[in-house]
$ cat protein-v5.csv   # CSV, C-alpha atoms and all ligand atoms
chain,number,residue,atom,x,y,z
A,1,MET,CA,104.1,104.4,127.1
A,2,SER,CA,100.6,103.0,127.0
A,3,LEU,CA,97.5,105.0,126.2
A,4,ALA,CA,96.3,104.6,129.8
A,5,GLU,CA,99.5,106.1,131.2
A,6,VAL,CA,99.3,109.0,128.8
A,7,GLU,CA,95.6,109.6,129.7
A,8,GLU,CA,96.6,109.9,133.4
A,9,GLY,CA,99.1,112.7,132.7
A,10,ALA,CA,98.4,116.4,132.5
A,11,GLY,CA,97.6,118.3,129.3
A,12,ALA,CA,95.7,117.6,126.2
A,13,ARG,CA,92.8,115.2,125.7
A,14,LEU,CA,93.9,112.2,123.7
A,15,ILE,CA,92.3,111.4,120.4
A,16,ASP,CA,92.1,107.7,120.3
A,17,GLY,CA,92.3,106.5,116.7
A,18,VAL,CA,92.1,102.8,117.7
A,19,ALA,CA,88.6,103.4,119.3
A,20,VAL,CA,87.4,105.6,116.5
A,21,ALA,CA,88.5,103.1,113.8
A,22,ARG,CA,86.7,100.4,115.7
A,23,ALA,CA,83.5,102.5,115.8
A,24,VAL,CA,83.8,103.1,112.0
A,25,ARG,CA,84.2,99.3,111.5
A,26,GLU,CA,81.1,98.6,113.7
A,27,ASP,CA,79.0,101.0,111.6
A,28,LEU,CA,80.3,99.4,108.4
A,29,LYS,CA,79.3,95.9,109.7
A,30,SER,CA,75.7,96.9,109.9
A,31,GLU,CA,75.9,98.6,106.5
A,32,VAL,CA,77.5,95.5,104.9
A,33,ALA,CA,74.7,93.4,106.4
A,34,GLU,CA,72.1,95.7,105.0
A,35,LEU,CA,73.7,95.5,101.5
A,36,ALA,CA,73.9,91.7,101.8
A,37,ALA,CA,70.2,91.6,102.3
A,38,ARG,CA,69.9,93.2,98.9
A,39,GLY,CA,72.4,90.6,97.4
A,40,ILE,CA,75.4,93.0,97.3
A,41,VAL,CA,78.7,91.9,98.9
A,42,PRO,CA,81.2,94.8,98.8
A,43,GLY,CA,84.4,93.5,97.2
A,44,LEU,CA,87.9,95.0,97.6
A,45,THR,CA,90.8,93.7,95.6
A,46,VAL,CA,94.3,94.7,96.5
A,47,VAL,CA,97.1,94.3,94.0
A,48,LEU,CA,100.5,93.8,95.4
A,49,VAL,CA,103.5,93.7,93.0
A,50,GLY,CA,106.8,92.5,94.3
A,51,GLU,CA,108.0,91.6,97.8
A,52,ASP,CA,108.1,94.8,99.8
A,53,PRO,CA,107.7,93.5,103.4
A,54,ALA,CA,106.0,96.5,104.9
A,55,SER,CA,103.5,96.5,102.0
A,56,ALA,CA,102.9,92.8,102.5
A,57,VAL,CA,101.9,93.3,106.1
A,58,TYR,CA,99.6,96.2,105.2
A,59,VAL,CA,97.9,94.3,102.5
A,60,ARG,CA,97.3,91.3,104.7
A,61,SER,CA,95.7,93.6,107.2
A,62,LYS,CA,93.4,95.1,104.6
A,63,GLU,CA,92.2,91.7,103.4
A,64,LYS,CA,91.7,90.4,107.0
A,65,THR,CA,89.7,93.4,108.1
A,66,SER,CA,87.5,93.4,105.0
A,67,VAL,CA,86.6,89.7,105.6
A,68,GLU,CA,85.9,90.4,109.3
A,69,LEU,CA,83.3,92.9,108.2
A,70,GLY,CA,81.5,90.5,105.9
A,71,MET,CA,83.0,91.9,102.7
A,72,LYS,CA,84.9,90.1,100.0
A,73,GLY,CA,88.6,90.8,100.4
A,74,ALA,CA,91.0,89.5,97.8
A,75,THR,CA,94.7,90.1,97.2
A,76,VAL,CA,96.4,89.5,93.8
A,77,ARG,CA,100.1,89.0,94.3
A,78,LEU,CA,102.3,89.5,91.3
A,79,PRO,CA,106.0,89.0,91.0
A,80,ALA,CA,108.3,92.1,90.8
A,81,SER,CA,109.1,91.1,87.2
A,82,THR,CA,105.5,91.8,86.1
A,83,SER,CA,105.3,94.1,83.1
A,84,GLN,CA,103.4,97.3,83.0
A,85,ALA,CA,101.2,95.8,80.2
A,86,GLU,CA,100.4,92.8,82.4
A,87,LEU,CA,99.4,94.9,85.3
A,88,GLU,CA,97.2,97.2,83.1
A,89,ALA,CA,95.5,94.0,81.7
A,90,LEU,CA,94.8,92.9,85.3
A,91,ILE,CA,93.3,96.3,86.1
A,92,ASP,CA,91.1,96.1,83.0
A,93,ARG,CA,89.8,92.8,84.2
A,94,LEU,CA,89.1,94.1,87.7
A,95,ASN,CA,87.4,97.2,86.2
A,96,ALA,CA,85.1,94.9,84.3
A,97,ASP,CA,84.3,92.5,87.2
A,98,PRO,CA,81.0,93.4,88.8
A,99,ALA,CA,81.9,91.6,92.1
A,100,VAL,CA,84.9,94.0,92.5
A,101,HIS,CA,83.8,97.4,93.9
A,102,GLY,CA,87.1,98.7,95.1
A,103,ILE,CA,90.6,98.3,93.5
A,104,LEU,CA,93.8,99.3,95.3
A,105,VAL,CA,97.2,99.0,93.8
A,106,GLN,CA,99.7,99.0,96.7
A,107,SER,CA,102.4,101.6,96.5
A,108,PRO,CA,105.4,101.5,95.9
A,109,LEU,CA,105.4,99.8,92.6
A,110,PRO,CA,108.7,98.3,91.2
A,111,LYS,CA,110.8,101.0,89.5
A,112,HIS,CA,110.1,99.9,85.9
A,113,MET,CA,106.5,100.7,86.3
A,114,ASP,CA,104.8,104.1,85.8
A,115,GLU,CA,102.6,104.6,88.8
A,116,ASN,CA,100.7,107.6,87.3
A,117,THR,CA,99.6,105.5,84.3
A,118,ILE,CA,98.4,102.7,86.6
A,119,VAL,CA,96.4,105.0,88.9
A,120,ARG,CA,94.7,106.5,85.8
A,121,ARG,CA,93.8,103.0,84.5
A,122,ILE,CA,91.6,102.2,87.5
A,123,ASP,CA,87.9,103.0,86.9
A,124,PRO,CA,87.3,106.2,89.1
A,125,ALA,CA,84.1,104.5,90.4
A,126,LYS,CA,86.4,101.7,91.9
A,127,ASP,CA,89.3,104.0,92.9
A,128,VAL,CA,88.8,103.7,96.7
A,129,ASP,CA,92.2,105.1,97.3
A,130,GLY,CA,91.0,108.4,95.9
A,131,PHE,CA,94.1,109.0,93.8
A,132,HIS,CA,92.6,109.1,90.3
A,133,PRO,CA,92.6,112.6,88.9
A,134,VAL,CA,88.8,112.4,88.5
A,135,ASN,CA,88.4,111.7,92.3
A,136,VAL,CA,91.0,114.4,93.1
A,137,GLY,CA,88.9,116.8,91.0
A,138,LYS,CA,85.6,115.7,92.6
A,139,LEU,CA,87.2,116.3,96.0
A,140,LEU,CA,88.1,119.8,95.2
A,141,ILE,CA,84.8,120.6,93.5
A,142,GLY,CA,83.0,119.1,96.5
A,143,GLU,CA,81.1,116.4,94.6
A,144,LYS,CA,80.2,113.8,97.2
A,145,ASP,CA,80.1,110.7,94.9
A,146,GLY,CA,83.9,110.7,94.5
A,147,PHE,CA,86.4,109.1,96.9
A,148,ALA,CA,88.7,111.1,99.2
A,149,PRO,CA,92.2,109.6,100.0
A,150,CYS,CA,91.9,107.5,103.1
A,151,THR,CA,94.4,109.1,105.5
A,152,PRO,CA,93.1,112.7,105.3
A,153,ALA,CA,89.5,111.3,105.3
A,154,GLY,CA,90.5,109.5,108.5
A,155,VAL,CA,91.8,112.7,110.0
A,156,GLN,CA,88.5,114.4,109.2
A,157,GLU,CA,86.6,111.5,110.7
A,158,LEU,CA,88.6,111.9,114.0
A,159,LEU,CA,87.7,115.6,114.1
A,160,VAL,CA,84.0,114.9,113.5
A,161,ARG,CA,83.8,112.0,116.0
A,162,TYR,CA,85.6,114.0,118.7
A,163,GLY,CA,83.1,116.9,118.2
A,164,VAL,CA,85.8,119.4,117.1
A,165,ASP,CA,84.0,122.5,115.9
A,166,THR,CA,85.9,123.3,112.7
A,167,THR,CA,83.7,126.0,111.3
A,168,GLY,CA,85.6,129.3,110.8
A,169,LYS,CA,88.7,127.8,112.5
A,170,GLU,CA,92.3,128.4,111.3
A,171,ALA,CA,93.7,125.1,110.1
A,172,VAL,CA,97.4,124.8,109.3
A,173,VAL,CA,98.4,121.7,107.3
A,174,ILE,CA,102.1,121.0,107.2
A,175,GLY,CA,103.0,119.0,104.1
A,176,ARG,CA,101.8,119.2,100.5
A,177,SER,CA,101.9,115.7,99.2
A,178,ASN,CA,99.2,114.4,96.9
A,179,ILE,CA,98.5,111.6,99.4
A,180,VAL,CA,98.0,113.6,102.6
A,181,GLY,CA,98.7,117.4,102.6
A,182,LYS,CA,96.9,118.6,99.5
A,183,PRO,CA,93.7,116.4,99.9
A,184,MET,CA,93.7,117.3,103.6
A,185,ALA,CA,93.5,120.9,102.8
A,186,ALA,CA,90.9,120.2,100.1
A,187,LEU,CA,88.7,118.4,102.6
A,188,LEU,CA,88.9,121.2,105.2
A,189,ILE,CA,88.0,124.0,102.9
A,190,GLN,CA,84.7,122.4,101.8
A,191,ALA,CA,81.4,123.6,103.1
A,192,GLY,CA,80.2,121.0,105.6
A,193,VAL,CA,80.7,119.1,108.8
A,194,GLY,CA,84.3,118.7,109.8
A,195,ALA,CA,85.3,121.4,107.4
A,196,ASN,CA,84.5,125.1,106.8
A,197,CYS,CA,88.0,125.9,107.9
A,198,THR,CA,90.3,128.7,106.8
A,199,VAL,CA,93.3,126.7,105.6
A,200,THR,CA,97.0,127.4,105.3
A,201,ILE,CA,99.3,124.8,103.6
A,202,CYS,CA,102.9,124.9,104.7
A,203,HIS,CA,105.9,122.9,103.2
A,204,SER,CA,109.6,122.8,103.3
A,205,ARG,CA,109.9,126.2,101.6
A,206,THR,CA,107.6,127.9,104.0
A,207,LYS,CA,109.3,130.8,105.8
A,208,ASP,CA,108.9,130.9,109.6
A,209,LEU,CA,106.8,127.7,110.0
A,210,ALA,CA,106.1,128.5,113.7
A,211,SER,CA,104.4,131.8,112.8
A,212,HIS,CA,101.8,129.8,111.0
A,213,THR,CA,101.4,127.0,113.4
A,214,ARG,CA,101.1,129.3,116.4
A,215,ARG,CA,98.0,131.0,115.1
A,216,ALA,CA,96.3,127.7,114.2
A,217,ASP,CA,93.2,126.3,116.0
A,218,ILE,CA,93.9,123.0,114.2
A,219,VAL,CA,97.5,121.8,113.3
A,220,ILE,CA,97.8,118.8,111.0
A,221,ALA,CA,101.4,117.6,110.6
A,222,ALA,CA,102.2,115.4,107.6
A,223,ILE,CA,105.9,116.0,107.2
A,224,GLY,CA,107.6,112.6,107.5
A,225,LYS,CA,110.3,113.9,109.8
A,226,PRO,CA,110.5,113.1,113.5
A,227,GLU,CA,109.2,115.7,116.1
A,228,VAL,CA,109.5,118.8,113.9
A,229,ILE,CA,106.5,120.5,115.6
A,230,THR,CA,107.3,121.3,119.2
A,231,GLY,CA,105.1,122.6,122.0
A,232,ASP,CA,106.3,126.2,121.6
A,233,MET,CA,104.9,126.1,118.1
A,234,ILE,CA,101.4,125.3,119.3
A,235,ARG,CA,98.7,127.8,120.4
A,236,PRO,CA,97.3,126.9,123.8
A,237,GLY,CA,94.2,124.7,123.4
A,238,ALA,CA,94.8,123.9,119.7
A,239,VAL,CA,93.8,120.5,118.2
A,240,VAL,CA,97.0,118.7,117.1
A,241,ILE,CA,96.7,115.9,114.5
A,242,ASP,CA,99.9,114.0,113.9
A,243,VAL,CA,99.9,112.0,110.6
A,244,GLY,CA,103.7,111.2,110.7
A,245,ILE,CA,105.1,107.8,111.4
A,246,ASN,CA,108.8,107.8,111.8
A,247,ARG,CA,111.2,105.2,113.1
A,248,VAL,CA,113.9,106.5,115.5
A,249,PRO,CA,116.7,104.4,116.9
A,250,ASP,CA,116.1,103.3,120.5
A,251,ALA,CA,118.5,100.8,122.0
A,252,SER,CA,116.0,100.2,124.9
A,253,ALA,CA,113.2,99.2,122.6
A,254,PRO,CA,112.9,95.4,121.7
A,255,LYS,CA,113.2,96.1,118.0
A,256,GLY,CA,115.9,98.7,118.4
A,257,TYR,CA,113.7,101.5,117.3
A,258,ARG,CA,110.5,103.2,118.3
A,259,LEU,CA,107.8,105.1,116.4
A,260,VAL,CA,107.4,108.8,116.8
A,261,GLY,CA,105.3,111.3,114.9
A,262,ASP,CA,106.1,114.6,113.2
A,263,VAL,CA,105.0,116.3,116.4
A,264,HIS,CA,107.1,116.3,119.6
A,265,PHE,CA,104.3,114.6,121.7
A,266,GLU,CA,105.6,115.4,125.2
A,267,SER,CA,105.9,119.1,124.7
A,268,ALA,CA,102.9,119.5,122.4
A,269,ARG,CA,100.5,117.8,124.8
A,270,GLN,CA,101.3,120.3,127.5
A,271,VAL,CA,99.8,123.1,125.5
A,272,ALA,CA,97.3,121.5,123.1
A,273,GLY,CA,93.6,121.0,123.8
A,274,MET,CA,93.5,117.6,122.0
A,275,ILE,CA,96.2,115.6,120.4
A,276,THR,CA,96.6,112.3,118.5
A,277,PRO,CA,99.3,109.9,119.8
A,278,VAL,CA,101.7,108.0,117.5
A,279,PRO,CA,101.0,105.1,117.2
A,280,GLY,CA,97.3,104.9,117.9
A,281,GLY,CA,96.1,108.1,116.4
A,282,VAL,CA,95.7,108.6,112.7
A,283,GLY,CA,97.4,105.3,111.7
A,284,PRO,CA,94.5,103.0,112.5
A,285,MET,CA,92.0,105.2,110.6
A,286,THR,CA,93.5,104.6,107.1
A,287,ILE,CA,92.2,101.0,106.6
A,288,ALA,CA,88.9,101.9,108.2
A,289,MET,CA,88.4,104.7,105.7
A,290,LEU,CA,89.5,102.4,102.8
A,291,LEU,CA,86.7,100.0,103.8
A,292,LYS,CA,84.2,102.8,104.2
A,293,ASN,CA,85.0,104.0,100.6
A,294,THR,CA,84.6,100.4,99.4
A,295,VAL,CA,81.2,100.0,101.0
A,296,ARG,CA,80.1,103.3,99.4
A,297,ALA,CA,81.5,102.2,96.0
A,298,ALA,CA,79.4,99.0,96.3
A,299,ARG,CA,76.3,101.0,97.3
A,300,GLN,CA,76.8,103.4,94.4
A,301,ALA,CA,77.3,100.5,92.0
A,302,GLY,CA,74.2,98.8,93.2
A,303,LYS,CA,71.9,101.7,92.6
B,1,LIG,P1,105.9,113.3,101.8
B,1,LIG,O1,107.3,113.1,102.0
B,1,LIG,O2,105.4,113.0,100.4
B,1,LIG,O3,105.6,114.8,102.1
B,1,LIG,C1,106.1,115.5,103.1
B,1,LIG,C2,105.8,117.0,103.1
B,1,LIG,O4,106.3,117.6,104.2
B,1,LIG,C3,106.3,117.7,101.8
B,1,LIG,O5,105.3,118.5,101.3
B,1,LIG,C4,107.5,118.5,102.3
B,1,LIG,O6,107.7,119.7,101.7
B,1,LIG,C5,107.0,118.8,103.8
B,1,LIG,N1,108.2,119.0,104.7
B,1,LIG,C6,109.3,118.3,104.8
B,1,LIG,N2,110.1,118.8,105.7
B,1,LIG,C7,109.5,119.9,106.2
B,1,LIG,C8,109.8,120.9,107.2
B,1,LIG,N3,110.9,120.8,107.9
B,1,LIG,N4,108.9,121.9,107.4
B,1,LIG,C9,107.8,122.0,106.7
B,1,LIG,N5,107.4,121.1,105.8
B,1,LIG,C10,108.2,120.1,105.5
B,1,LIG,O7,105.1,112.5,102.9
B,1,LIG,P2,103.6,112.0,103.0
B,1,LIG,O8,102.7,113.2,102.8
B,1,LIG,O9,103.4,110.8,102.1
B,1,LIG,O10,103.6,111.5,104.5
B,1,LIG,C11,103.8,112.4,105.6
B,1,LIG,C12,103.9,111.5,106.9
B,1,LIG,O11,102.7,110.9,107.1
B,1,LIG,C13,105.0,110.4,106.8
B,1,LIG,O12,105.6,110.3,108.1
B,1,LIG,C14,104.2,109.2,106.5
B,1,LIG,O13,104.8,108.0,107.0
B,1,LIG,C15,102.9,109.5,107.2
B,1,LIG,N6,101.8,108.8,106.6
B,1,LIG,C16,101.0,108.1,107.5
B,1,LIG,C17,99.9,107.4,107.0
B,1,LIG,C18,99.0,106.7,108.0
B,1,LIG,O14,98.9,107.1,109.1
B,1,LIG,N7,98.3,105.7,107.6
B,1,LIG,C19,99.6,107.3,105.6
B,1,LIG,C20,100.4,108.2,104.8
B,1,LIG,C21,101.5,108.9,105.3
B,1,LIG,P3,108.1,119.8,100.1
B,1,LIG,O15,106.9,119.4,99.3
B,1,LIG,O16,108.6,121.2,99.9
B,1,LIG,O17,109.2,118.8,100.0
$ encode --input "protein-v5.csv" --output "structure tokens"
Amino acid sequence: MSLAEVEEGAGARLIDGVAVARAVREDLKSEVAELAARGIVPGLTVVLVGEDPASAVYVRSKEKTSVELGMKGATVRLPASTSQAELEALIDRLNADPAVHGILVQSPLPKHMDENTIVRRIDPAKDVDGFHPVNVGKLLIGEKDGFAPCTPAGVQELLVRYGVDTTGKEAVVIGRSNIVGKPMAALLIQAGVGANCTVTICHSRTKDLASHTRRADIVIAAIGKPEVITGDMIRPGAVVIDVGINRVPDASAPKGYRLVGDVHFESARQVAGMITPVPGGVGPMTIAMLLKNTVRAARQAGK
């Protein structure tokens, strides 16, 4: 179903992540130009270890988008046989390189590597993924010079750009991963725009999930399972943000599968006030926020 077809139907207003991501990129273009006038070219280096095809596509897209914005995008490709020590040595070199403002090591890493040690090796000032414990701490404390993980930051950007009044609202986040659920909750409890929420975090051990989602003004689903949140679990008028990206078999689709979210879109949009589609909702925001973090890293380094 195209976005236009969905728009025509009854129910919730669609939150268009493609359009918002484009607007974020446009803003960044002017910021990059302004930095260039001061002799600063924001540089993002992505490190890809091994041959994971999905990661390769994602990494290409990051490099291409950063170059389009006038930034310096580079990818370092290493074979799956690379040792932990070799990767750490590369990170040390990138940490020391003044032309590199953002470093991202693409996950998943090969099994013989310890991802936690790698994340901690990156200079927090260049950790534009926002996974270093220093940045996780800064997010919780509310220090603005840290970096928030890109997907939850993208969700917050959608809420802000769609004028969702979040102050005093009940937000229910489903999922407690370090990549999405926990940082999402940490963003929403802060004092400030797109935040000031009363937050509940649900997970697989939560009793009676629907009793939580039904009282939420804002539902954020980051579960990783198809269509768990159905319309009967949504309070009328609620804002529904679907982070999930799941492949489900579909013989009628050209690739034999289609993408669905963690929310059952058709039933949820009948009751929600606003809703993100999958694809075209949260997904496009992640790279845009990564570049936004990189531009800020360059600005902060240039001070
Ligand atoms: P994880 O698998 O790390 O976490 C899923 C969370 O959902 C866990 O906390 C789990 O609970 C909880 N959960 C699982 N089943 C249920 C259930 N039935 N009821 C309530 N809670 C449940 O996934 P991620 O956080 O990494 O990603 C979540 C989704 O978001 C995925 O679909 C992923 O593809 C997508 N995603 C999209 C991105 C983008 O748009 N660019 C980026 C990152 C992720 P427990 O902790 O108890 O196991």
$ residues_around --input "protein-v5.csv" --residues "region 32-49 of chain A" --least-positions-apart "4" --cutoff "8 Å" --atoms "all atoms listed in the file" --output "ChimeraX atom specification"
/A:28,55-56,59,63,66,69-80,82,99-106,109-110,294-295,297-299,302
$ closest_residue --input "protein-v5.csv" --among "A:Phe147, A:Val278, A:Leu158, A:Ile118" --to "Ala23 (chain A)" --atoms "all atoms listed in the file"
A:Leu158
$ atom_distance --input "protein-v5.csv" --atom1 "atom O1 of ligand LIG 1 (chain B)" --atom2 "CA of Thr167 (chain A)"
28.5 Å
$ atom_distance --input "protein-v5.csv" --atom1 "atom C8 of ligand LIG 1 (chain B)" --atom2 "CA of Ile241 (chain A)"
15.8 Å
$ closest_residue --input "protein-v5.csv" --among "A:Gly181, A:Gly142, A:Gly137, A:Pro236" --to "ligand LIG 1 (chain B)" --atoms "all atoms listed in the file"
A:Gly181
$ closest_residue --input "protein-v5.csv" --among "A:Val136, A:Ala238, A:Leu94, A:Leu188" --to "Glu157 (chain A)" --atoms "all atoms listed in the file"
A:Leu188
$ residues_around --input "protein-v5.csv" --residues "Ala268 (chain A)" --least-positions-apart "3" --cutoff "7 Å" --atoms "all atoms listed in the file" --output "JSON list (two decimals) with C-alpha atoms, keeping the file's coordinate frame"
[["chain", "number", "residue", "atom", "x", "y", "z"],
["A", 230, "THR", "CA", 107.30, 121.30, 119.20],
["A", 231, "GLY", "CA", 105.10, 122.60, 122.00],
["A", 234, "ILE", "CA", 101.40, 125.30, 119.30],
["A", 264, "HIS", "CA", 107.10, 116.30, 119.60],
["A", 265, "PHE", "CA", 104.30, 114.60, 121.70],
["A", 271, "VAL", "CA", 99.80, 123.10, 125.50],
["A", 272, "ALA", "CA", 97.30, 121.50, 123.10]]
$ atom_distance --input "protein-v5.csv" --atom1 "CA of Val128 (chain A)" --atom2 "CA of Met289 (chain A)"
9.1 Å
$ closest_residue --input "protein-v5.csv" --among "A:Ile141, A:Ile275, A:Ile287, A:Ile91" --to "Asp127 (chain A)" --atoms "all atoms listed in the file"
A:Ile91
$ closest_residue --input "protein-v5.csv" --among "A:Arg214, A:Leu139, A:Gly280, A:Gly163" --to "Ala185 (chain A)" --atoms "all atoms listed in the file"
A:Leu139
$ closest_residue --input "protein-v5.csv" --among "A:Asp208, A:Val239, A:His132, A:Cys150" --to "Lys169 (chain A)" --atoms "all atoms listed in the file"
A:Val239
$ residues_around --input "protein-v5.csv" --residues "His212 (chain A)" --least-positions-apart "3" --cutoff "12 Å" --atoms "all atoms listed in the file" --output "compact mmCIF listing (two decimals) with C-alpha atoms, keeping the file's coordinate frame"
# COMPACT_ATOMS: atom_id res chain seq x y z
CA GLU A 170 92.30 128.40 111.30
CA ALA A 171 93.70 125.10 110.10
CA VAL A 172 97.40 124.80 109.30
CA VAL A 173 98.40 121.70 107.30
CA ILE A 174 102.10 121.00 107.20
CA VAL A 199 93.30 126.70 105.60
CA THR A 200 97.00 127.40 105.30
CA ILE A 201 99.30 124.80 103.60
CA CYS A 202 102.90 124.90 104.70
CA HIS A 203 105.90 122.90 103.20
CA THR A 206 107.60 127.90 104.00
CA LYS A 207 109.30 130.80 105.80
CA ASP A 208 108.90 130.90 109.60
CA LEU A 209 106.80 127.70 110.00
CA ARG A 215 98.00 131.00 115.10
CA ALA A 216 96.30 127.70 114.20
CA ASP A 217 93.20 126.30 116.00
CA ILE A 218 93.90 123.00 114.20
CA VAL A 219 97.50 121.80 113.30
CA ILE A 220 97.80 118.80 111.00
CA ILE A 229 106.50 120.50 115.60
CA MET A 233 104.90 126.10 118.10
CA ILE A 234 101.40 125.30 119.30
CA ARG A 235 98.70 127.80 120.40
$ residues_near_point --input "protein-v5.csv" --point "(83.2, 125.8, 109.0)" --cutoff "10 Å" --atoms "all atoms listed in the file" --output "mmCIF file with C-alpha atoms, keeping the file's coordinate frame"
data_model
loop_
_atom_site.group_PDB
_atom_site.id
_atom_site.type_symbol
_atom_site.label_atom_id
_atom_site.label_comp_id
_atom_site.auth_asym_id
_atom_site.auth_seq_id
_atom_site.Cartn_x
_atom_site.Cartn_y
_atom_site.Cartn_z
ATOM 1 C CA ASP A 165 84.000 122.500 115.900
ATOM 2 C CA THR A 166 85.900 123.300 112.700
ATOM 3 C CA THR A 167 83.700 126.000 111.300
ATOM 4 C CA GLY A 168 85.600 129.300 110.800
ATOM 5 C CA LYS A 169 88.700 127.800 112.500
ATOM 6 C CA GLU A 170 92.300 128.400 111.300
ATOM 7 C CA LEU A 188 88.900 121.200 105.200
ATOM 8 C CA ILE A 189 88.000 124.000 102.900
ATOM 9 C CA GLN A 190 84.700 122.400 101.800
ATOM 10 C CA ALA A 191 81.400 123.600 103.100
ATOM 11 C CA GLY A 192 80.200 121.000 105.600
ATOM 12 C CA VAL A 193 80.700 119.100 108.800
ATOM 13 C CA GLY A 194 84.300 118.700 109.800
ATOM 14 C CA ALA A 195 85.300 121.400 107.400
ATOM 15 C CA ASN A 196 84.500 125.100 106.800
ATOM 16 C CA CYS A 197 88.000 125.900 107.900
ATOM 17 C CA THR A 198 90.300 128.700 106.800
#
$ build_atoms --input "protein-v5.csv" --residues "region 48-67 of chain A" --atoms "N, CA and C atoms" --output "PDB file, in the coordinates of the input"
ATOM      1  N   LEU A  48      99.208  93.570  94.813  1.00  0.00           N
ATOM      2  CA  LEU A  48     100.500  93.800  95.400  1.00  0.00           C
ATOM      3  C   LEU A  48     101.576  93.253  94.382  1.00  0.00           C
ATOM      4  N   VAL A  49     102.428  94.136  93.934  1.00  0.00           N
ATOM      5  CA  VAL A  49     103.500  93.700  93.000  1.00  0.00           C
ATOM      6  C   VAL A  49     104.814  93.763  93.689  1.00  0.00           C
ATOM      7  N   GLY A  50     105.481  92.607  93.705  1.00  0.00           N
ATOM      8  CA  GLY A  50     106.800  92.500  94.300  1.00  0.00           C
ATOM      9  C   GLY A  50     106.715  92.130  95.797  1.00  0.00           C
ATOM     10  N   GLU A  51     107.829  92.261  96.483  1.00  0.00           N
ATOM     11  CA  GLU A  51     108.000  91.600  97.800  1.00  0.00           C
ATOM     12  C   GLU A  51     108.214  92.596  98.955  1.00  0.00           C
ATOM     13  N   ASP A  52     107.888  93.878  98.771  1.00  0.00           N
ATOM     14  CA  ASP A  52     108.100  94.800  99.800  1.00  0.00           C
ATOM     15  C   ASP A  52     107.493  94.372 101.150  1.00  0.00           C
ATOM     16  N   PRO A  53     108.292  94.080 102.211  1.00  0.00           N
ATOM     17  CA  PRO A  53     107.700  93.500 103.400  1.00  0.00           C
ATOM     18  C   PRO A  53     106.688  94.341 104.126  1.00  0.00           C
ATOM     19  N   ALA A  54     106.926  95.651 104.177  1.00  0.00           N
ATOM     20  CA  ALA A  54     106.000  96.500 104.900  1.00  0.00           C
ATOM     21  C   ALA A  54     104.636  96.528 104.107  1.00  0.00           C
ATOM     22  N   SER A  55     104.707  96.544 102.769  1.00  0.00           N
ATOM     23  CA  SER A  55     103.500  96.500 102.000  1.00  0.00           C
ATOM     24  C   SER A  55     102.740  95.192 102.190  1.00  0.00           C
ATOM     25  N   ALA A  56     103.487  94.089 102.305  1.00  0.00           N
ATOM     26  CA  ALA A  56     102.900  92.800 102.500  1.00  0.00           C
ATOM     27  C   ALA A  56     102.050  92.734 103.787  1.00  0.00           C
ATOM     28  N   VAL A  57     102.607  93.310 104.859  1.00  0.00           N
ATOM     29  CA  VAL A  57     101.900  93.300 106.100  1.00  0.00           C
ATOM     30  C   VAL A  57     100.623  94.167 106.019  1.00  0.00           C
ATOM     31  N   TYR A  58     100.754  95.310 105.384  1.00  0.00           N
ATOM     32  CA  TYR A  58      99.600  96.200 105.200  1.00  0.00           C
ATOM     33  C   TYR A  58      98.508  95.596 104.417  1.00  0.00           C
ATOM     34  N   VAL A  59      98.899  94.911 103.348  1.00  0.00           N
ATOM     35  CA  VAL A  59      97.900  94.300 102.500  1.00  0.00           C
ATOM     36  C   VAL A  59      97.186  93.150 103.169  1.00  0.00           C
ATOM     37  N   ARG A  60      97.911  92.376 103.962  1.00  0.00           N
ATOM     38  CA  ARG A  60      97.300  91.300 104.700  1.00  0.00           C
ATOM     39  C   ARG A  60      96.221  91.856 105.668  1.00  0.00           C
ATOM     40  N   SER A  61      96.573  92.965 106.290  1.00  0.00           N
ATOM     41  CA  SER A  61      95.700  93.600 107.200  1.00  0.00           C
ATOM     42  C   SER A  61      94.403  94.106 106.555  1.00  0.00           C
ATOM     43  N   LYS A  62      94.558  94.641 105.355  1.00  0.00           N
ATOM     44  CA  LYS A  62      93.400  95.100 104.600  1.00  0.00           C
ATOM     45  C   LYS A  62      92.451  93.962 104.280  1.00  0.00           C
ATOM     46  N   GLU A  63      93.035  92.840 103.817  1.00  0.00           N
ATOM     47  CA  GLU A  63      92.200  91.700 103.400  1.00  0.00           C
ATOM     48  C   GLU A  63      91.492  91.122 104.660  1.00  0.00           C
ATOM     49  N   LYS A  64      92.244  90.978 105.763  1.00  0.00           N
ATOM     50  CA  LYS A  64      91.700  90.400 107.000  1.00  0.00           C
ATOM     51  C   LYS A  64      90.521  91.244 107.494  1.00  0.00           C
ATOM     52  N   THR A  65      90.732  92.557 107.556  1.00  0.00           N
ATOM     53  CA  THR A  65      89.700  93.400 108.100  1.00  0.00           C
ATOM     54  C   THR A  65      88.451  93.411 107.196  1.00  0.00           C
ATOM     55  N   SER A  66      88.642  93.381 105.882  1.00  0.00           N
ATOM     56  CA  SER A  66      87.500  93.400 105.000  1.00  0.00           C
ATOM     57  C   SER A  66      86.654  92.104 105.201  1.00  0.00           C
ATOM     58  N   VAL A  67      87.342  90.985 105.353  1.00  0.00           N
ATOM     59  CA  VAL A  67      86.600  89.700 105.600  1.00  0.00           C
ATOM     60  C   VAL A  67      85.889  89.729 106.898  1.00  0.00           C
TER      61      VAL A  67
END
